[in-house]
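Okay, structure first, notes after.
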There are 6 protein chains.
Amino acid sequence: MPIVVTEIERATADVAVALGPFGVATIHEAQGKTGLMAPYLRPIYRPAQISGPAVTCEVTPGDNWMIHVAVEQCQPGDILVVTPTSPCEDGYFGDLLATSLRARGVKGLVIDAGVRDIATLTEMGFPVWSKAIYAQGTVKETIANVNIPVICAGTLVHPGDVIVADDDGVVVVKARTAKEVLEKARAREESEAAKREKLASGILGLDLYKMRESLAKKGLRYVKSAREG
Amino acid sequence: MPIVVTEIERATADVAVALGPFGVATIHEAQGKTGLMAPYLRPIYRPAQISGPAVTCEVTPGDNWMIHVAVEQCQPGDILVVTPTSPCEDGYFGDLLATSLRARGVKGLVIDAGVRDIATLTEMGFPVWSKAIYAQGTVKETIANVNIPVICAGTLVHPGDVIVADDDGVVVVKARTAKEVLEKARAREESEAAKREKLASGILGLDLYKMRESLAKKGLRYVKSAREG
Amino acid sequence: MPIVVTEIERATADVAVALGPFGVATIHEAQGKTGLMAPYLRPIYRPAQISGPAVTCEVTPGDNWMIHVAVEQCQPGDILVVTPTSPCEDGYFGDLLATSLRARGVKGLVIDAGVRDIATLTEMGFPVWSKAIYAQGTVKETIANVNIPVICAGTLVHPGDVIVADDDGVVVVKARTAKEVLEKARAREESEAAKREKLASGILGLDLYKMRESLAKKGLRYVKSAREG
Amino acid sequence: MPIVVTEIERATADVAVALGPFGVATIHEAQGKTGLMAPYLRPIYRPAQISGPAVTCEVTPGDNWMIHVAVEQCQPGDILVVTPTSPCEDGYFGDLLATSLRARGVKGLVIDAGVRDIATLTEMGFPVWSKAIYAQGTVKETIANVNIPVICAGTLVHPGDVIVADDDGVVVVKARTAKEVLEKARAREESEAAKREKLASGILGLDLYKMRESLAKKGLRYVKSAREG
Amino acid sequence: MPIVVTEIERATADVAVALGPFGVATIHEAQGKTGLMAPYLRPIYRPAQISGPAVTCEVTPGDNWMIHVAVEQCQPGDILVVTPTSPCEDGYFGDLLATSLRARGVKGLVIDAGVRDIATLTEMGFPVWSKAIYAQGTVKETIANVNIPVICAGTLVHPGDVIVADDDGVVVVKARTAKEVLEKARAREESEAAKREKLASGILGLDLYKMRESLAKKGLRYVKSAREG
Amino acid sequence: MPIVVTEIERATADVAVALGPFGVATIHEAQGKTGLMAPYLRPIYRPAQISGPAVTCEVTPGDNWMIHVAVEQCQPGDILVVTPTSPCEDGYFGDLLATSLRARGVKGLVIDAGVRDIATLTEMGFPVWSKAIYAQGTVKETIANVNIPVICAGTLVHPGDVIVADDDGVVVVKARTAKEVLEKARAREESEAAKREKLASGILGLDLYKMRESLAKKGLRYVKSAREG
């Protein structure tokens with residue numbers, strides 16, 4: 001029978017918050033190219049950028065009852081992660097649920113399904129990453145689990161893991177590695193800032209990254225015209 | 001042989017106009033979750049919101065001739081609904097046709113195919129809901145029907161039915177039920193406004209909708225950790 | 001073995017620049033409905049509009065090494081065209097590469113794959129037409145060709161051909177026909193301007209294009225109600 | 001509230017049976033290219049060919065309860081047509097329901113959703129045209145309508161209409177036009193048989209259909225090499 | 001850095017073998033509707049049915065090097081599960097690798113990517129469930145992990161878990177619950193056999209499952225014609 | 001204006017025939033991984049295998065007129081390649097056209113669109129590789145080119161190039177390189193036969209291809225359990 005887990009171990013709040021500005025692409029690289037959700041999840045408006053611990057919520061096809069249950073498990077700073085037990089693009093979530101989540105201080109929603117009322121959500125500034133935008137409503141007949149590990153958009157999410165979401169998509173950082181990932185992201189960002197400056201000055205990546213020799217070793221040849229090739 | 005029906009029974013103008021602001025999601029619910037077009041129809045810009053009686057137009061694949069015929073059948077306040085007899089994403093419609101429709105007071109276009117010139121359409125503020133954006137042009141060789149019942153994005157549309165379109169998508173309201181749907185939408189909206197206020201104050205949906213007992217009956221259990229589950 | 005062609009014949013700069021403002025739809029018509037890329041290529045922000053000669057770059061799946069090689073082959077005013085040797089939606093391109101291309105005066109990117117860092121690219125005003133937005137990074141292990149003819153989004157592109165890209169998509173103009181296409185686009189634009197004025201005044205396309213007779217010949221009938229049909 | 005309509009007007013049995021062997025493509029042409037379901041409906045095995053009156057059944061996402069209700073409304077020779085109120089590819093139907101339908105003399109199933117147990121269905125020789133093959137099961141919680149007009153795979157189906165299904169797909173023939181369509185299909189088939197014989201003997205379609213003149217009028221030119229063109 | 005785990009805990013051989021014949025749909029139900037892979041995984045030929053412990057293998061886009069590494073980790077009776085670190089439909093696997101796996105007694109392959117040489121694989125009777133059939137070959141340049149937990153077609157697979165695959169798709173049974181699932185599957189199968197017999201005799205599901213009362217409670221009404229509704 | 005090129009340079013007949021049995025995957029590798037059509041082209045039945053020179057034919061959306069023109073340009077042993085000027089999945093081709101092509105000795109059809117009458121085509125043993133199976137018919141109103149270079153399923157095809165098609169898909173071999181590709185395919189096949197024998201005897205690819213050292217250099221580590229990693 002379905003359960004609601006009421007005590008989850010959240011990643012430290014300041015680490016969760018600090019991860020956000022580095023962006024999904026940098027965080028994903030910093031943790032060894034893991035944890036990235038599928039690219040079909042898109043923000044309903046842009047730009048948008050949030051980070052925070054995940055509360056996870058299963059729903060059945062065409063049934064959003066458990067989102068109402070999950071709302072109660074959310075704390076300020078959390079991000080709600082909703083995933084259907086079988087693929088469904090119905091509009092599980094609209095402005096009433098967003099009002100309720102906002103009242104609890106929740107930062108946003110990641111949902112492997114559809115949402116609706118997006119004009120209102122956009123006006124409210126309540127960010128949502130979803131698989132679809134679809135006015136099709138849902139029923140409240142079947143129960144499922146809250147705060148168990150779920151697979152959302154192809155990626156495993158444990159309750160309490162950090163969600164980082166921005167215009168590029170959504171990435172999950174495991175709660176226990178969040179601090180380490182934050183440090184790696186900082187190091188990466190610093191290294192990139194230095195590179196960015198050099199590239200902006202016109203230095204080529206070929207030289208900056210010393211690629212010419214390895215390209216030649218692989219057999220790359222420069223010719224004046226394709227006929228020579 | 002194809003026909004053009006010149007006298008159609010339009011939904012009352014003020015009802016058609018009044019339905020729009022309630023939005024696609026509310027109208028869809030108010031009429032028992034019917035009449036919703038498939039979510040692949042998207043507005044070319046956002047926000048966008050219109051409502052009005054439908055003039056319906058069939059086109060054949062890669063051929064937009066009948067849109068020119070349909071323009072003449074449009075009256076001020078109408079919405080043109082175009083659907084191909086076989087799926088096609090070509091750019092059937094661009095800024096010249098939009099200029100012509102605007103000259104007749106048409107509010108916008110819903111097309112189960114592609115459109116082009118969207119930068120100009122956006123500048124003009126002429127809203128379009130389409131399946132695709134594609135510069136591929138069309139020919140003018142084959143005829144089809146205007147103002148007969150059509151299936152557009154999976155939904156049956158009779159000429160004169162009300163089309164309501166916004167950022168969430170497109171819904172069709174049958175002409176003869178439009179007034180009743182309007183009343184239900186109003187009632188729904190009022191009920192939602194009251195709920196929204198309560199949810200914004202922090203009252204949980206679980207309590208507002210009195211869900212706790214029925215969830216327990218279904219067997220939902222609250223546990224402190226997943227191990228208990 | 002892969003080659004880099006260092007001397008390509010670019011379309012004349014002023015012709016390449018002049019083609020842009022006519023827009024993809026007009027250019028596509030002006031050259032006989034050829035050269036259009038598939039509609040899944042979309043700009044990462046709108047509005048966006050560029051034109052210029054193509055530098056072409058092959059990449060292997062999940063590997064962006066050759067983009068670094070291609071950067072060096074770009075000149076001011078060029079547009080970089082990247083295509084994978086097998087379909088892949090990874091994020092081959094981000095803000096560092098954009099910084100490098102901008103330093104060389106490159107106008108934008110057309111890529112039949114994914115990009116990332118789109119918030120930064122948008123802030124930079126560096127336009128990109130891509131198949132996907134995906135934070136998934138790439139490696140630098142395998143080589144491929146630069147400046148050979150490639151197929152990008154279903155269309156053949158020779159190095160030096162003119163790329164025209166806007167909110168409607170992307171079209172390729174062969175270098176040797178660019179001037180002729182420009183003239184045809186101008187003629188078409190003038191003709192359309194005249195038509196637009198007439199249509200805006202309320203003249204119907206049916207009359208402007210003298211379609212009534214040919215429609216009747218095809219057998220189109222006007223009836224007052226569908227029952228007559 | 002949902003209803004089950006218990007008395008529907010079925011197309012005449014012998015007409016329904018006689019339509020089948022002409023095949024979907026011929027029937028579709030014979031009735032003016034109308035009534036064809038979307039090509040994503042595929043038979044679970046080939047070859048397969050059936051025809052008969054439709055019993056229609058709505059289901060909600062992930063819920064197959066109403067199929068059990070619809071079974072009772074089926075008579076020998078019928079074809080069950082199931083369509084979800086919102087897109088869903090769950091496995092609504094398996095070998096137990098097939099056993100039940102077979103016991104009632106039902107010829108097969110057309111479902112705009114998923115099915116499972118296809119190895120057993122294939123062994124049973126019970127033909128199914130579905131959108132997906134998916135082992136994901138369903139619940140029995142929500143009700144919907146049986147024997148009302150439905151849209152299945154993009155096509156309107158009234159209860160009692162004739163369904164013709166084969167390896168090419170599925171087409172619907174309105175009950176009241178079934179006899180007329182049958183006659184047209186026969187005429188078409190005879191005409192095609194004559195043509196087939198001539199084409200098999202080597203006579204070209206260009207000559208058989210006398211196309212050469214009209215092609216020339218459209219401006220088609222024959223050249224020895226593309227350079228001439 | 002990537003690792004190859006050489007000692008994994010496999011589900012008991014006889015349990016793994018015994019699960020297969022119950023079929024994917026039954027196993028999926030028996031374990032509470034969990035562990036099902038996405039329906040885009042399809043067998044390259046039908047009928048096909050296998051079960052056995054999983055050896056898991058990550059591959060990078062367009063690179064099948066790690067499959068060669070994974071082969072060595074396979075034991076008789078195993079099923080190889082291959083998943084790319086980013087979506088890719090290249091043909092990672094062909095008849096040479098199948099020959100090698102067969103020599104080790106491996107029962108088949110589940111791959112969330114493409115395969116090739118399917119005519120030969122079919123002749124060999126080597127079953128494969130794949131996302132695509134694509135002749136596009138791969139390189140051997142980058143390494144990844146073998147025998148770590150992976151997500152394949154949306155489902156978490158631990159090395160040693162039981163894979164059950166048939167014409168309906170693929171399901172994963174956790175090694176530690178395999179025996180319990182087997183027992184439930186047996187119970188389910190027996191119950192279904194009894195039901196099948198009754199349904200075949202013409203007893204309706206409505207009566208067999210005693211649904212009439214609960215349908216009425218939900219509000220379902222039987223009417224003679226839709227007008228009454 | 002559209003042209004029909006009547007004299008094309010075909011690849012030598014015996015070379016074209018000899019290429020087929022090596023199969024699409026081997027030919028594709030033998031010519032440096034070029035010329036492969038997109039994997040959405042699938043044979044209507046399996047197994048199927050043909051090779052021969054291409055006659056190329058453009059068609060407009062929903063219009064198959066030019067196929068009738070192209071039939072006349074076909075010679076015994078040819079393969080007809082049909083591609084729409086804009087994507088369309090209509091059933092352009094059925095049993096009458098197949099009868100006509102067979103009368104001329106044509107081996108099969110490759111079409112980047114839909115076909116119909118597949119039960120009859122299967123009975124006739126006339127192989128077709130298509131994008132879709134769809135009973136939707138076409139008209140005969142617009143002309144296009146025959147025997148000019150076309151892009152089919154993402155690949156450039158010149159008239160006279162060799163088409164090789166089998167259960168894995170379709171590959172194009174340029175007429176002027178066909179002989180060289182044949183030799184490389186033979187060499188590759190011999191090398192693979194030797195490898196196949198060794199792999200069948202149980203020798204690992206890791207040893208046969210001497211991969212152990214390079215894997216170690218890349219940093220791959222073998223560990224007994226994931227905890228060590």
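Order determines the names: the first chain of the structure tokens is A, the second B, and so forth; residues in each chain are numbered 1 upward, and ligands are numbered 1 upward as they are shown.
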
**OP:** Would you kindly return, as a PyMOL selection string, each protein, DNA or RNA residue with an atom no farther than 6 Å from any atom of Thr60 (chain D), considering only C-alpha atoms and excluding same-chain residues fewer than 3 positions away?
**Re:** chain D and resi 63+84-85

**OP:** Hey, list the chain C side of the contact with chain B: 7 Å cut-off, only C-alpha atoms, answer as an MDAnalysis selection string.
**Re:** chainID C and resid 24:25 39 47 167:169 196 199:202 204:206 219:226 229

Original post:
Could you write out, as a ChimeraX atom specification, all the residues of region 61-175 of chain E that DSSP marks as strand (DSSP E or B)?
Top reply: /E:63,79-84,91-93,108-115,128-133,139,146,150-152,155-157,162-166,169-173

Original post:
Which parts of region 53-197 of chain D does DSSP call alpha helix (DSSP H) when run on the backbone here, written out as a ChimeraX atom specification?
Top reply: /D:65-73,95-103,118-124,178-197

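For the pair CA of Gln73 (chain E) and CA of Ala165 (chain E), the interatomic distance is 20.6 Å.
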
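Those residues that approach Cys88 (chain D) to within 7 Å, counting only C-alpha atoms, are Cys88 of chain A; Pro61, Gly62, Pro84 and Ala113 of chain D; same-chain residues fewer than 3 positions away are not listed.
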
Subject >> Non-local contacts of Asp166 (chain B) (9 Å; only C-alpha atoms; under 4 positions in same chain excluded) as an MDAnalysis selection string >> reply: (chainID A and resid 119) or (chainID B and resid 20:21 23:24 42:43 46:51 129 170)

For all heavy atoms, I'd like the residues from the last selection saved as a compact mmCIF listing (two decimals), in the first residue's frame.
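part.txt, freshly written:
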# COMPACT_ATOMS: atom_id res chain seq x y z
N ALA A 119 -0.59 30.98 -18.04
CA ALA A 119 -0.58 32.45 -18.05
C ALA A 119 -0.57 32.96 -16.61
O ALA A 119 0.21 33.86 -16.26
CB ALA A 119 -1.80 32.98 -18.81
N GLY B 20 -14.14 33.84 -23.25
CA GLY B 20 -12.69 33.91 -23.36
C GLY B 20 -11.93 34.09 -22.05
O GLY B 20 -11.05 33.27 -21.72
N PRO B 21 -12.25 35.13 -21.29
CA PRO B 21 -11.43 35.42 -20.11
C PRO B 21 -11.42 34.32 -19.05
O PRO B 21 -10.53 34.31 -18.20
CB PRO B 21 -12.08 36.70 -19.56
CG PRO B 21 -12.77 37.31 -20.73
CD PRO B 21 -13.25 36.16 -21.56
N GLY B 23 -10.76 31.34 -19.61
CA GLY B 23 -9.60 30.52 -19.93
C GLY B 23 -9.97 29.11 -20.33
O GLY B 23 -11.01 28.58 -19.95
N VAL B 24 -9.08 28.49 -21.09
CA VAL B 24 -9.33 27.18 -21.66
C VAL B 24 -9.54 26.13 -20.58
O VAL B 24 -10.46 25.30 -20.67
CB VAL B 24 -8.16 26.78 -22.60
CG1 VAL B 24 -8.26 25.33 -23.02
CG2 VAL B 24 -8.16 27.70 -23.82
N ARG B 42 -0.01 25.09 -30.32
CA ARG B 42 0.60 26.09 -29.42
C ARG B 42 0.48 27.49 -30.02
O ARG B 42 0.52 27.66 -31.22
CB ARG B 42 2.09 25.80 -29.21
CG ARG B 42 2.41 24.47 -28.54
CD ARG B 42 2.81 24.62 -27.07
NE ARG B 42 1.83 25.25 -26.27
CZ ARG B 42 0.87 24.64 -25.54
NH1 ARG B 42 0.80 23.36 -25.52
NH2 ARG B 42 0.02 25.34 -24.82
N PRO B 43 0.32 28.52 -29.16
CA PRO B 43 0.31 29.89 -29.67
C PRO B 43 1.70 30.27 -30.19
O PRO B 43 2.70 29.85 -29.62
CB PRO B 43 -0.05 30.72 -28.44
CG PRO B 43 0.33 29.90 -27.26
CD PRO B 43 0.18 28.47 -27.70
N ARG B 46 3.18 34.42 -26.68
CA ARG B 46 2.47 34.42 -25.42
C ARG B 46 2.69 35.73 -24.69
O ARG B 46 3.79 36.27 -24.78
CB ARG B 46 2.96 33.27 -24.53
CG ARG B 46 2.62 31.93 -25.10
CD ARG B 46 2.74 30.80 -24.09
NE ARG B 46 3.76 31.01 -23.09
CZ ARG B 46 4.57 30.06 -22.64
NH1 ARG B 46 4.49 28.83 -23.13
NH2 ARG B 46 5.46 30.31 -21.72
N PRO B 47 1.77 36.25 -23.91
CA PRO B 47 0.43 35.71 -23.74
C PRO B 47 -0.46 36.04 -24.93
O PRO B 47 -0.22 37.01 -25.64
CB PRO B 47 -0.08 36.41 -22.48
CG PRO B 47 0.64 37.71 -22.44
CD PRO B 47 1.98 37.47 -23.09
N ALA B 48 -1.48 35.19 -25.13
CA ALA B 48 -2.45 35.40 -26.20
C ALA B 48 -3.77 34.82 -25.71
O ALA B 48 -3.76 33.78 -25.04
CB ALA B 48 -2.01 34.69 -27.47
N GLN B 49 -4.86 35.47 -26.01
CA GLN B 49 -6.16 34.98 -25.53
C GLN B 49 -7.27 35.55 -26.41
O GLN B 49 -7.38 36.77 -26.57
CB GLN B 49 -6.37 35.38 -24.06
CG GLN B 49 -7.62 34.80 -23.44
CD GLN B 49 -8.79 35.77 -23.51
OE1 GLN B 49 -8.67 36.91 -23.14
NE2 GLN B 49 -9.93 35.28 -24.02
N ILE B 50 -8.05 34.67 -27.03
CA ILE B 50 -9.18 35.10 -27.86
C ILE B 50 -10.34 34.13 -27.69
O ILE B 50 -10.17 33.01 -27.23
CB ILE B 50 -8.83 35.16 -29.36
CG1 ILE B 50 -8.29 33.81 -29.87
CG2 ILE B 50 -7.85 36.28 -29.67
CD1 ILE B 50 -8.09 33.74 -31.38
N SER B 51 -11.55 34.61 -28.08
CA SER B 51 -12.69 33.70 -28.21
C SER B 51 -13.64 34.25 -29.25
O SER B 51 -13.72 35.46 -29.45
CB SER B 51 -13.40 33.52 -26.86
OG SER B 51 -13.96 34.74 -26.41
N TRP B 129 -2.72 29.79 -33.24
CA TRP B 129 -2.39 28.52 -32.58
C TRP B 129 -2.14 27.51 -33.68
O TRP B 129 -3.04 27.25 -34.51
CB TRP B 129 -3.55 28.06 -31.68
CG TRP B 129 -3.62 28.82 -30.40
CD1 TRP B 129 -3.25 28.39 -29.15
CD2 TRP B 129 -4.09 30.17 -30.21
NE1 TRP B 129 -3.45 29.39 -28.23
CE2 TRP B 129 -3.97 30.48 -28.85
CE3 TRP B 129 -4.59 31.16 -31.08
CZ2 TRP B 129 -4.32 31.73 -28.31
CZ3 TRP B 129 -4.95 32.40 -30.55
CH2 TRP B 129 -4.81 32.67 -29.19
N VAL B 170 -6.45 25.19 -26.82
CA VAL B 170 -7.68 25.58 -27.51
C VAL B 170 -8.81 24.62 -27.11
O VAL B 170 -8.62 23.41 -27.07
CB VAL B 170 -7.50 25.50 -29.04
CG1 VAL B 170 -8.75 25.99 -29.77
CG2 VAL B 170 -6.28 26.29 -29.50

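The space between CA of Leu41 (chain F) and CA of Ile111 (chain F) spans 7.9 Å.
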